[in-house]
file start_20.txt (compact mmCIF, C-alpha atoms)
# COMPACT_ATOMS: atom_id res chain seq x y z
CA MET A 1 1.40 6.05 -67.58
CA GLY A 2 -1.27 4.62 -65.27
CA LEU A 3 -4.01 2.40 -66.65
CA ILE A 4 -6.76 5.02 -66.41
CA GLU A 5 -4.67 7.77 -68.06
CA PHE A 6 -3.52 5.38 -70.78
CA THR A 7 -7.03 4.09 -71.52
CA CYS A 8 -8.51 7.61 -71.57
CA ALA A 9 -5.76 8.86 -73.89
CA VAL A 10 -6.29 5.95 -76.30
CA LEU A 11 -10.07 6.42 -76.13
CA LEU A 12 -9.83 10.15 -76.85
CA MET A 13 -7.46 9.62 -79.77
CA SER A 14 -9.79 6.93 -81.17
CA VAL A 15 -12.88 9.16 -80.92
CA LEU A 16 -10.99 11.91 -82.74
CA ALA A 17 -9.78 9.51 -85.44
CA GLY A 18 -13.28 8.14 -85.94
CA LEU A 19 -14.80 11.62 -86.07
CA LEU A 20 -12.28 12.98 -88.58
CA GLY A 21 -12.43 9.78 -90.60
CA ALA A 22 -16.20 10.06 -90.98
CA LEU A 23 -16.24 13.80 -91.61
CA THR A 24 -13.60 13.63 -94.32
CA GLY A 25 -14.63 10.30 -95.79
CA LEU A 26 -11.06 9.06 -95.45
CA GLY A 27 -11.86 6.48 -92.78
CA GLY A 28 -10.63 6.55 -89.19
CA GLY A 29 -8.83 3.23 -89.16
CA VAL A 30 -6.07 4.46 -91.37
CA VAL A 31 -4.67 6.84 -88.70
CA ILE A 32 -5.23 4.55 -85.69
CA VAL A 33 -2.27 2.27 -86.37
CA PRO A 34 0.36 5.01 -86.90
CA ALA A 35 -1.01 7.00 -83.94
CA LEU A 36 -0.80 3.98 -81.61
CA ALA A 37 2.63 3.00 -82.92
CA LEU A 38 4.23 6.45 -83.13
CA LEU A 39 2.59 8.29 -80.20
CA PHE A 40 1.97 5.46 -77.73
CA HIS A 41 4.93 3.27 -78.81
CA ILE A 42 2.70 0.23 -79.08
CA ASP A 43 3.98 -2.80 -80.99
CA LEU A 44 2.69 -2.73 -84.56
CA ARG A 45 0.93 -6.07 -84.22
CA TYR A 46 -1.18 -4.91 -81.26
CA ALA A 47 -1.92 -1.64 -83.07
CA ILE A 48 -3.00 -3.52 -86.20
CA GLY A 49 -5.17 -5.92 -84.18
CA ALA A 50 -6.99 -3.11 -82.35
CA SER A 51 -7.48 -1.18 -85.59
CA LEU A 52 -8.96 -4.16 -87.43
CA VAL A 53 -11.58 -4.60 -84.72
CA SER A 54 -12.56 -0.93 -84.99
CA VAL A 55 -12.81 -1.24 -88.79
CA ILE A 56 -15.41 -4.03 -88.49
CA ALA A 57 -17.41 -1.98 -85.99
CA THR A 58 -17.54 1.20 -88.10
CA SER A 59 -18.31 -0.57 -91.35
CA SER A 60 -21.20 -2.54 -89.86
CA GLY A 61 -22.45 0.39 -87.80
CA ALA A 62 -22.65 2.72 -90.81
CA ALA A 63 -24.30 0.21 -93.15
CA VAL A 64 -27.88 1.14 -92.28
CA SER A 65 -27.70 4.71 -93.52
CA TYR A 66 -25.87 3.70 -96.70
CA VAL A 67 -28.37 1.00 -97.63
CA ARG A 68 -31.37 3.27 -97.20
CA GLU A 69 -29.97 5.63 -99.82
CA GLY A 70 -30.17 2.78 -102.31
CA PHE A 71 -26.68 3.12 -103.82
CA SER A 72 -24.92 -0.03 -102.68
CA ASN A 73 -25.02 -3.10 -104.89
CA VAL A 74 -25.21 -6.40 -103.03
CA ARG A 75 -24.19 -8.57 -106.01
CA ILE A 76 -21.17 -6.51 -107.02
CA GLY A 77 -20.15 -6.42 -103.34
CA MET A 78 -20.54 -10.16 -102.87
CA PHE A 79 -18.71 -11.03 -106.09
CA LEU A 80 -15.74 -8.84 -105.16
CA GLU A 81 -15.73 -10.11 -101.59
CA VAL A 82 -14.49 -13.44 -102.95
CA ALA A 83 -11.28 -11.60 -103.91
CA THR A 84 -11.02 -9.44 -100.77
CA THR A 85 -11.67 -12.22 -98.23
CA VAL A 86 -9.16 -14.61 -99.83
CA GLY A 87 -6.71 -11.68 -99.99
CA ALA A 88 -7.37 -10.83 -96.34
CA VAL A 89 -6.56 -14.38 -95.22
CA VAL A 90 -3.32 -14.26 -97.25
CA GLY A 91 -2.52 -10.85 -95.74
CA ALA A 92 -3.18 -12.05 -92.19
CA TYR A 93 -0.77 -14.95 -92.73
CA LEU A 94 1.83 -12.59 -94.22
CA THR A 95 1.95 -10.49 -91.01
CA ALA A 96 3.80 -13.36 -89.34
CA ARG A 97 6.31 -13.64 -92.21
CA ILE A 98 7.09 -9.98 -92.81
CA SER A 99 9.13 -7.88 -90.37
CA ASN A 100 7.63 -4.92 -88.52
CA HIS A 101 9.97 -2.60 -90.46
CA ALA A 102 8.60 -3.77 -93.80
CA ILE A 103 5.00 -3.54 -92.57
CA ALA A 104 5.66 0.02 -91.39
CA ILE A 105 7.03 0.98 -94.83
CA ILE A 106 4.11 -0.62 -96.70
CA PHE A 107 1.76 1.12 -94.29
CA GLY A 108 3.43 4.47 -94.96
CA PHE A 109 3.00 4.17 -98.71
CA THR A 110 -0.63 3.09 -98.29
CA LEU A 111 -1.24 6.23 -96.21
CA LEU A 112 0.33 8.41 -98.90
CA TYR A 113 -1.79 6.76 -101.55
CA SER A 114 -4.98 7.21 -99.48
CA ALA A 115 -4.32 10.93 -99.06
CA TRP A 116 -3.50 11.37 -102.74
CA SER A 117 -6.52 9.45 -103.99
CA SER A 118 -8.95 11.39 -101.81
CA PHE A 119 -8.35 14.43 -104.03
CA HIS A 120 -8.53 12.58 -107.33
CA HIS A 121 -12.11 11.55 -107.84
CA LYS A 122 -12.89 11.45 -111.47
CA GLN A 123 -16.45 11.52 -112.59
CA ASN A 124 -17.16 8.47 -114.71
CA GLU A 125 -19.28 8.83 -117.78
CA ARG A 126 -22.27 6.51 -117.56
CA PRO A 127 -20.92 3.00 -118.10
CA ARG A 128 -23.60 1.39 -120.22
CA LYS A 129 -21.39 -0.43 -122.67
CA GLN A 130 -22.18 -4.09 -123.16
CA ASN A 131 -19.93 -6.37 -121.15
CA MET A 132 -20.42 -10.10 -121.51
CA LEU A 133 -18.74 -11.16 -118.29
CA ALA A 134 -20.53 -8.50 -116.27
CA GLU A 135 -23.87 -9.53 -117.75
CA LYS A 136 -23.22 -13.15 -116.94
CA LEU A 137 -22.35 -12.27 -113.34
CA LYS A 138 -25.20 -9.72 -113.10
CA LEU A 139 -22.77 -6.95 -112.18
CA ARG A 140 -25.17 -4.19 -113.06
CA GLY A 141 -27.84 -2.12 -111.44
CA ASP A 142 -29.37 1.31 -111.28
CA TYR A 143 -29.16 4.12 -108.77
CA PRO A 144 -31.12 7.28 -107.99
CA THR A 145 -29.99 10.54 -109.62
CA ALA A 146 -31.56 13.98 -109.98
CA SER A 147 -33.07 12.87 -113.30
CA GLY A 148 -34.51 9.52 -112.20
CA ARG A 149 -32.88 6.12 -111.93
CA GLU A 150 -29.72 5.67 -113.95
CA ALA A 151 -28.53 2.22 -115.12
CA TYR A 152 -24.91 1.05 -115.05
CA VAL A 153 -22.91 -2.02 -116.04
CA ALA A 154 -19.51 -2.95 -114.58
CA GLN A 155 -16.52 -2.81 -116.96
CA ASN A 156 -13.07 -4.47 -116.77
CA VAL A 157 -14.26 -7.16 -114.38
CA PRO A 158 -10.97 -9.17 -114.16
CA ALA A 159 -8.94 -6.01 -113.43
CA GLY A 160 -11.38 -4.95 -110.72
CA PHE A 161 -11.29 -8.42 -109.20
CA GLY A 162 -7.46 -8.39 -109.21
CA ILE A 163 -7.21 -5.00 -107.54
CA MET A 164 -9.71 -6.19 -104.92
CA PHE A 165 -7.44 -9.13 -104.15
CA ILE A 166 -4.63 -6.64 -103.45
CA ALA A 167 -7.01 -4.52 -101.34
CA GLY A 168 -7.77 -7.67 -99.32
CA ILE A 169 -4.08 -8.43 -98.78
CA LEU A 170 -3.45 -4.87 -97.59
CA SER A 171 -6.44 -5.05 -95.26
CA GLY A 172 -5.25 -8.33 -93.72
CA LEU A 173 -1.64 -7.17 -93.52
CA LEU A 174 -2.24 -3.69 -92.11
CA GLY A 175 -5.50 -4.03 -90.18
CA ILE A 176 -7.20 -1.29 -92.18
CA GLY A 177 -10.31 -1.15 -94.33
CA SER A 178 -8.26 -0.15 -97.40
CA GLY A 179 -11.30 1.72 -98.70
CA ALA A 180 -9.09 3.82 -101.01
CA VAL A 181 -7.90 0.73 -102.89
CA LYS A 182 -11.43 -0.70 -103.03
CA VAL A 183 -12.71 2.50 -104.57
CA LEU A 184 -9.80 2.38 -107.04
CA ALA A 185 -11.02 -1.02 -108.23
CA MET A 186 -14.68 -0.06 -108.55
CA ASP A 187 -14.32 3.56 -109.57
CA HIS A 188 -11.33 3.49 -111.93
CA ALA A 189 -11.24 -0.09 -113.19
CA MET A 190 -14.90 -1.11 -113.22
CA LYS A 191 -16.15 2.43 -113.97
CA LEU A 192 -18.99 2.25 -111.49
CA PRO A 193 -20.69 5.48 -110.46
CA PHE A 194 -18.83 7.11 -107.56
CA LYS A 195 -21.70 6.84 -105.05
CA VAL A 196 -22.17 3.17 -105.88
CA SER A 197 -18.48 2.37 -105.41
CA THR A 198 -18.07 4.24 -102.10
CA THR A 199 -21.17 2.76 -100.46
CA THR A 200 -20.55 -0.76 -101.75
CA SER A 201 -16.95 -0.46 -100.59
CA ASN A 202 -18.12 0.46 -97.06
CA PHE A 203 -20.30 -2.61 -97.04
CA MET A 204 -17.41 -4.82 -98.11
CA ILE A 205 -14.93 -3.47 -95.57
CA GLY A 206 -16.56 -5.26 -92.61
CA VAL A 207 -16.66 -8.61 -94.39
CA THR A 208 -13.05 -8.25 -95.56
CA ALA A 209 -11.86 -7.35 -92.06
CA ALA A 210 -13.82 -10.25 -90.54
CA ALA A 211 -11.87 -12.62 -92.81
CA SER A 212 -8.57 -11.76 -91.11
CA ALA A 213 -9.99 -11.21 -87.60
CA GLY A 214 -10.10 -14.90 -86.68
CA ILE A 215 -6.45 -15.35 -87.60
CA TYR A 216 -5.52 -12.17 -85.68
CA LEU A 217 -7.34 -13.44 -82.58
CA SER A 218 -5.62 -16.83 -82.69
CA ARG A 219 -2.22 -15.17 -83.09
CA GLY A 220 -2.73 -12.87 -80.10
CA TYR A 221 -2.77 -9.60 -82.10
CA VAL A 222 -5.94 -8.47 -80.39
CA ALA A 223 -5.04 -7.31 -76.86
CA PRO A 224 -8.38 -6.92 -75.02
CA GLY A 225 -7.30 -3.98 -72.84
CA LEU A 226 -6.22 -2.03 -75.91
CA ALA A 227 -8.80 -3.17 -78.43
CA ALA A 228 -11.74 -2.22 -76.18
CA PRO A 229 -11.06 1.56 -75.98
CA VAL A 230 -10.01 1.70 -79.65
CA MET A 231 -13.14 -0.07 -80.88
CA LEU A 232 -15.56 1.91 -78.69
CA GLY A 233 -13.79 5.21 -79.40
CA VAL A 234 -13.65 4.87 -83.18
CA LEU A 235 -17.27 3.63 -83.30
CA ALA A 236 -18.54 6.55 -81.19
CA GLY A 237 -16.49 9.06 -83.17
CA SER A 238 -17.55 7.81 -86.57
CA LEU A 239 -21.25 7.62 -85.67
CA ALA A 240 -21.09 11.19 -84.36
CA GLY A 241 -19.21 12.25 -87.49
CA ALA A 242 -21.80 10.68 -89.78
CA ARG A 243 -24.56 12.67 -88.03
CA LEU A 244 -22.60 15.93 -88.21
CA LEU A 245 -21.78 15.35 -91.86
CA VAL A 246 -25.40 15.87 -92.85
CA ARG A 247 -25.25 19.43 -91.56
CA ILE A 248 -21.78 20.75 -92.27
CA ARG A 249 -19.46 20.76 -95.25
CA VAL A 250 -15.82 20.33 -94.49
CA PRO A 251 -13.40 21.04 -97.33
CA ILE A 252 -10.80 22.61 -95.01
CA LEU A 253 -10.97 19.74 -92.54
CA ARG A 254 -10.38 17.40 -95.47
CA VAL A 255 -7.17 19.17 -96.43
CA VAL A 256 -5.96 19.27 -92.81
CA PHE A 257 -6.69 15.57 -92.29
CA ALA A 258 -4.99 14.69 -95.57
CA ILE A 259 -1.89 16.58 -94.38
CA VAL A 260 -1.99 14.63 -91.09
CA ILE A 261 -2.18 11.38 -93.05
CA VAL A 262 0.75 12.38 -95.28
CA ALA A 263 2.82 13.33 -92.20
CA LEU A 264 2.02 10.00 -90.53
CA GLY A 265 2.82 8.18 -93.77
CA VAL A 266 6.25 9.83 -94.08
CA GLU A 267 6.96 9.15 -90.39
CA MET A 268 5.96 5.49 -90.80
CA ILE A 269 8.26 5.05 -93.80
CA TYR A 270 11.11 6.80 -91.99
CA SER A 271 10.59 4.81 -88.77
CA GLY A 272 10.37 1.57 -90.72
CA ALA A 273 13.46 2.31 -92.81
CA THR A 274 15.57 3.32 -89.80
CA GLY A 275 14.40 0.30 -87.83
CA ARG A 276 12.69 2.26 -85.06
CA LEU A 277 9.40 0.43 -85.53
CA MET B 1 -33.62 -7.91 -112.28
CA ALA B 2 -34.63 -8.59 -108.73
CA SER B 3 -33.62 -5.19 -107.41
CA GLU B 4 -36.73 -4.88 -105.23
CA ALA B 5 -35.92 -8.17 -103.50
CA ASP B 6 -32.26 -7.11 -103.27
CA LEU B 7 -33.15 -3.87 -101.52
CA LYS B 8 -35.40 -5.66 -99.03
CA MET B 9 -32.61 -8.13 -98.36
CA GLU B 10 -30.09 -5.31 -97.84
CA ILE B 11 -32.30 -3.40 -95.42
CA ALA B 12 -32.85 -6.55 -93.35
CA ILE B 13 -29.10 -7.14 -93.42
CA SER B 14 -28.18 -3.64 -92.34
CA GLN B 15 -30.59 -3.76 -89.40
CA MET B 16 -29.05 -7.06 -88.38
CA LEU B 17 -25.59 -5.48 -88.63
CA ARG B 18 -26.63 -2.59 -86.39
CA ALA B 19 -28.09 -4.93 -83.79
CA GLY B 20 -24.93 -7.06 -83.84
CA VAL B 21 -22.63 -4.07 -83.47
CA SER B 22 -24.73 -2.63 -80.63
CA LEU B 23 -24.67 -5.92 -78.75
CA ALA B 24 -20.93 -6.33 -79.29
CA ALA B 25 -20.28 -2.74 -78.14
CA ILE B 26 -22.30 -3.27 -74.94
CA VAL B 27 -20.39 -6.47 -74.12
CA VAL B 28 -17.01 -4.85 -74.88
CA PHE B 29 -17.95 -1.81 -72.81
CA ALA B 30 -18.98 -3.97 -69.84
CA GLY B 31 -15.79 -6.00 -70.16
CA GLY B 32 -13.74 -2.79 -70.46
CA CYS B 33 -15.22 -1.35 -67.27
CA LEU B 34 -14.57 -4.59 -65.41
CA TYR B 35 -11.02 -4.62 -66.81
CA MET B 36 -10.35 -1.21 -65.33
CA LEU B 37 -11.33 -2.62 -61.93
CA GLN B 38 -9.56 -5.95 -62.22
CA ALA B 39 -6.24 -4.70 -63.62
CA HIS B 40 -5.51 -2.65 -60.46
CA GLY B 41 -4.23 0.33 -62.42
CA VAL B 42 -1.45 -1.59 -64.14
CA THR B 43 -1.11 -1.03 -67.88
CA SER B 44 -0.14 -4.15 -69.82
CA ASP B 45 3.08 -4.01 -71.76
CA TYR B 46 2.08 -3.32 -75.36
CA ARG B 47 5.55 -2.18 -76.44
CA HIS B 48 6.62 -5.73 -76.99
CA PHE B 49 4.66 -8.44 -78.68
CA HIS B 50 3.99 -11.45 -76.48
CA GLY B 51 2.81 -13.85 -79.12
CA ILE B 52 0.09 -16.43 -78.74
CA PRO B 53 -2.56 -15.48 -76.17
CA SER B 54 -2.38 -17.20 -72.81
CA PRO B 55 -4.91 -19.96 -72.13
CA ALA B 56 -6.72 -17.50 -69.85
CA ASP B 57 -7.55 -15.46 -72.95
CA ARG B 58 -9.01 -18.42 -74.75
CA ILE B 59 -11.74 -19.50 -72.39
CA PRO B 60 -14.73 -20.70 -74.43
CA PRO B 61 -17.40 -17.96 -74.44
CA LEU B 62 -19.86 -20.08 -72.45
CA LEU B 63 -17.51 -20.30 -69.50
CA VAL B 64 -16.96 -16.55 -69.41
CA ALA B 65 -19.96 -15.92 -67.19
CA ARG B 66 -18.66 -18.34 -64.58
CA HIS B 67 -15.16 -16.89 -64.53
CA LEU B 68 -16.20 -13.27 -65.00
CA ASP B 69 -12.76 -12.51 -66.34
CA SER B 70 -12.80 -9.09 -67.98
CA ARG B 71 -10.38 -9.98 -70.78
CA SER B 72 -12.52 -12.94 -71.80
CA ILE B 73 -15.64 -10.77 -71.77
CA ILE B 74 -13.97 -8.26 -74.12
CA ARG B 75 -12.89 -11.16 -76.29
CA LEU B 76 -16.46 -12.46 -76.35
CA GLY B 77 -17.67 -9.01 -77.43
CA ILE B 78 -15.08 -8.97 -80.22
CA LEU B 79 -16.16 -12.46 -81.33
CA LEU B 80 -19.76 -11.21 -81.50
CA LEU B 81 -18.56 -8.28 -83.58
CA VAL B 82 -16.67 -10.56 -85.99
CA ALA B 83 -19.70 -12.84 -86.22
CA THR B 84 -21.90 -9.96 -87.41
CA PRO B 85 -20.59 -9.64 -91.00
CA ILE B 86 -20.44 -13.45 -91.16
CA MET B 87 -24.15 -13.57 -90.33
CA ARG B 88 -24.67 -11.01 -93.06
CA VAL B 89 -23.06 -13.26 -95.67
CA ALA B 90 -24.98 -16.29 -94.35
CA TYR B 91 -28.21 -14.34 -94.75
CA CYS B 92 -27.21 -13.47 -98.33
CA VAL B 93 -26.78 -17.18 -99.15
CA TYR B 94 -30.34 -17.67 -97.92
CA GLY B 95 -31.60 -14.61 -99.81
CA PHE B 96 -30.04 -15.70 -103.11
CA ALA B 97 -31.43 -19.20 -102.59
CA ALA B 98 -34.90 -17.71 -102.17
CA GLN B 99 -34.36 -15.86 -105.50
CA LYS B 100 -33.05 -19.10 -107.05
CA ASP B 101 -29.94 -17.24 -108.20
CA LYS B 102 -27.55 -20.18 -108.75
CA ILE B 103 -24.44 -18.12 -109.52
CA TYR B 104 -24.80 -16.03 -106.39
CA ILE B 105 -25.61 -18.98 -104.15
CA VAL B 106 -22.18 -20.30 -105.14
CA VAL B 107 -20.45 -16.90 -104.88
CA SER B 108 -21.83 -16.12 -101.40
CA SER B 109 -21.10 -19.69 -100.22
CA ILE B 110 -17.44 -19.27 -101.18
CA VAL B 111 -17.25 -16.04 -99.17
CA LEU B 112 -18.98 -17.72 -96.22
CA THR B 113 -16.54 -20.64 -96.34
CA VAL B 114 -13.52 -18.33 -96.24
CA LEU B 115 -14.99 -16.39 -93.33
CA LEU B 116 -15.83 -19.52 -91.33
CA TYR B 117 -12.36 -20.93 -91.99
CA SER B 118 -10.83 -17.84 -90.42
CA PHE B 119 -13.41 -17.57 -87.61
CA PHE B 120 -12.83 -21.09 -86.34
CA HIS B 121 -9.14 -20.32 -86.06
CA ALA B 122 -10.08 -18.03 -83.18
call {"tool": "encode", "arguments": {"input": "start_20.txt", "output": "structure tokens"}}
result
Amino acid sequence: MGLIEFTCAVLLMSVLAGLLGALTGLGGGVVIVPALALLFHIDLRYAIGASLVSVIATSSGAAVSYVREGFSNVRIGMFLEVATTVGAVVGAYLTARISNHAIAIIFGFTLLYSAWSSFHHKQNERPRKQNMLAEKLKLRGDYPTASGREAYVAQNVPAGFGIMFIAGILSGLLGIGSGAVKVLAMDHAMKLPFKVSTTTSNFMIGVTAAASAGIYLSRGYVAPGLAAPVMLGVLAGSLAGARLLVRIRVPILRVVFAIVIVALGVEMIYSGATGRL
Amino acid sequence: MASEADLKMEIAISQMLRAGVSLAAIVVFAGGCLYMLQAHGVTSDYRHFHGIPSPADRIPPLLVARHLDSRSIIRLGILLLVATPIMRVAYCVYGFAAQKDKIYIVVSSIVLTVLLYSFFHA
């Protein structure tokens, strides 16, 4: 493939991934790596490096609209970022120690989990129980609802912190935002309202990814000629998707995209297990 | 509860993030266009991992303008992009200091230290 054809194909795929990621709320980054590895036969480390860059771009680019809604919580985000950034550094170091086959298999299972979790949102009852540790760390807040501002307090702080550490490792190891695992920590463990956990998680993704980016750059995982079209494509796609999202509802698209993710996940596990990646 | 101050801080942060991402995207785009011209239609080999970047890829950002090497320009754009969330955390340290929130001055400083540790690897 010539340079122009290759770059255009990567760009187009990235725009599509960003668009679908934003429309379905599943995140575009998660399909970039398997698409680059399986369709374009790109080495996993280059794919992961390009994906990580696009994750920082989309997270930071989308932050404005999230903040204005008034759902994200800067203190909860900052506190948990201690766990995710340390995890991300550990994850980035692990990429050099773990074989491509193993990374592909871990990636596959993460994809399967992301698809599964996107259909299992449980509505938390209002978490207003007293929690000493959360009070001490000011992990509380309020958010706008139909019936005025509703207060919440974080629960199970150590469990949430621990899961965030794992989310950080996965992010650093796989070059993804691992939003699904972040929401698991805040939604299921800490019992935060769903809107609060998703918007705070978006905010955290950029910081987490930045923690492994420096190590990726020094190791040569970020190939400029590949990272440029991926970053610009995913950013353009996700910004367009966020605009469209206001106007259309997309339950069918969500199912289709989840099926794509499952298929890519199975393919990644198979390719990793048979040593083709 | 300083939620009013928090919201103001967050809005300032998110505008900073958008400006940083826009700037990074422009630099990467310019570098990408130049790359298409300089690479003479040859696609790099991405099927195999080549390891540590060549010295040509590690030109300090300030020298990029003189060399006008497309790969270094893209790299500079990516460094700007990575710096954006780091600036965000640095601004939070300042914001929490203004609120005299001791716990969160420490918490955000830890995050900043981890980020800077990784950034100066690159």
call {"tool": "residues_around", "arguments": {"input": "start_20.txt", "residues": "Gly2 in chain A", "least_positions_apart": "3", "cutoff": "12 Å", "atoms": "all atoms listed in the file", "output": "PDB file with C-alpha atoms, keeping the file's coordinate frame"}}
result
ATOM      1  CA  GLU A   5      -4.670   7.770 -68.060  1.00  0.00           C
ATOM      2  CA  PHE A   6      -3.520   5.380 -70.780  1.00  0.00           C
ATOM      3  CA  THR A   7      -7.030   4.090 -71.520  1.00  0.00           C
ATOM      4  CA  CYS A   8      -8.510   7.610 -71.570  1.00  0.00           C
ATOM      5  CA  ALA A   9      -5.760   8.860 -73.890  1.00  0.00           C
TER       6      ALA A   9
ATOM      7  CA  MET B  36     -10.350  -1.210 -65.330  1.00  0.00           C
ATOM      8  CA  ALA B  39      -6.240  -4.700 -63.620  1.00  0.00           C
ATOM      9  CA  HIS B  40      -5.510  -2.650 -60.460  1.00  0.00           C
ATOM     10  CA  GLY B  41      -4.230   0.330 -62.420  1.00  0.00           C
ATOM     11  CA  VAL B  42      -1.450  -1.590 -64.140  1.00  0.00           C
ATOM     12  CA  THR B  43      -1.110  -1.030 -67.880  1.00  0.00           C
ATOM     13  CA  SER B  44      -0.140  -4.150 -69.820  1.00  0.00           C
ATOM     14  CA  ASP B  45       3.080  -4.010 -71.760  1.00  0.00           C
TER      15      ASP B  45
END
call {"tool": "interface_residues", "arguments": {"input": "start_20.txt", "of": "chain B", "to": "chain A", "cutoff": "7 Å", "atoms": "all atoms listed in the file", "output": "VMD selection string"}}
result
chain B and resid 10 to 11 14 to 15 17 to 18 21 25 28 32 41 to 43 46 to 49 51 to 53 71 74 to 75 81 to 82 85 to 86 107 to 108 110 to 111 114 to 115 118 to 122
call {"tool": "closest_residue", "arguments": {"input": "start_20.txt", "among": "B:Gly95, B:Ala30, B:Val89, B:Gln38", "to": "Lys8 in chain B", "atoms": "only C-alpha atoms"}}
result
B:Gly95
call {"tool": "atom_distance", "arguments": {"input": "start_20.txt", "atom1": "CA of Ala90 in chain B", "atom2": "CA of Ile105 in chain B"}}
result
10.2 Å
call {"tool": "atom_distance", "arguments": {"input": "start_20.txt", "atom1": "CA of Gly172 in chain A", "atom2": "CA of Met190 in chain A"}}
result
22.9 Å
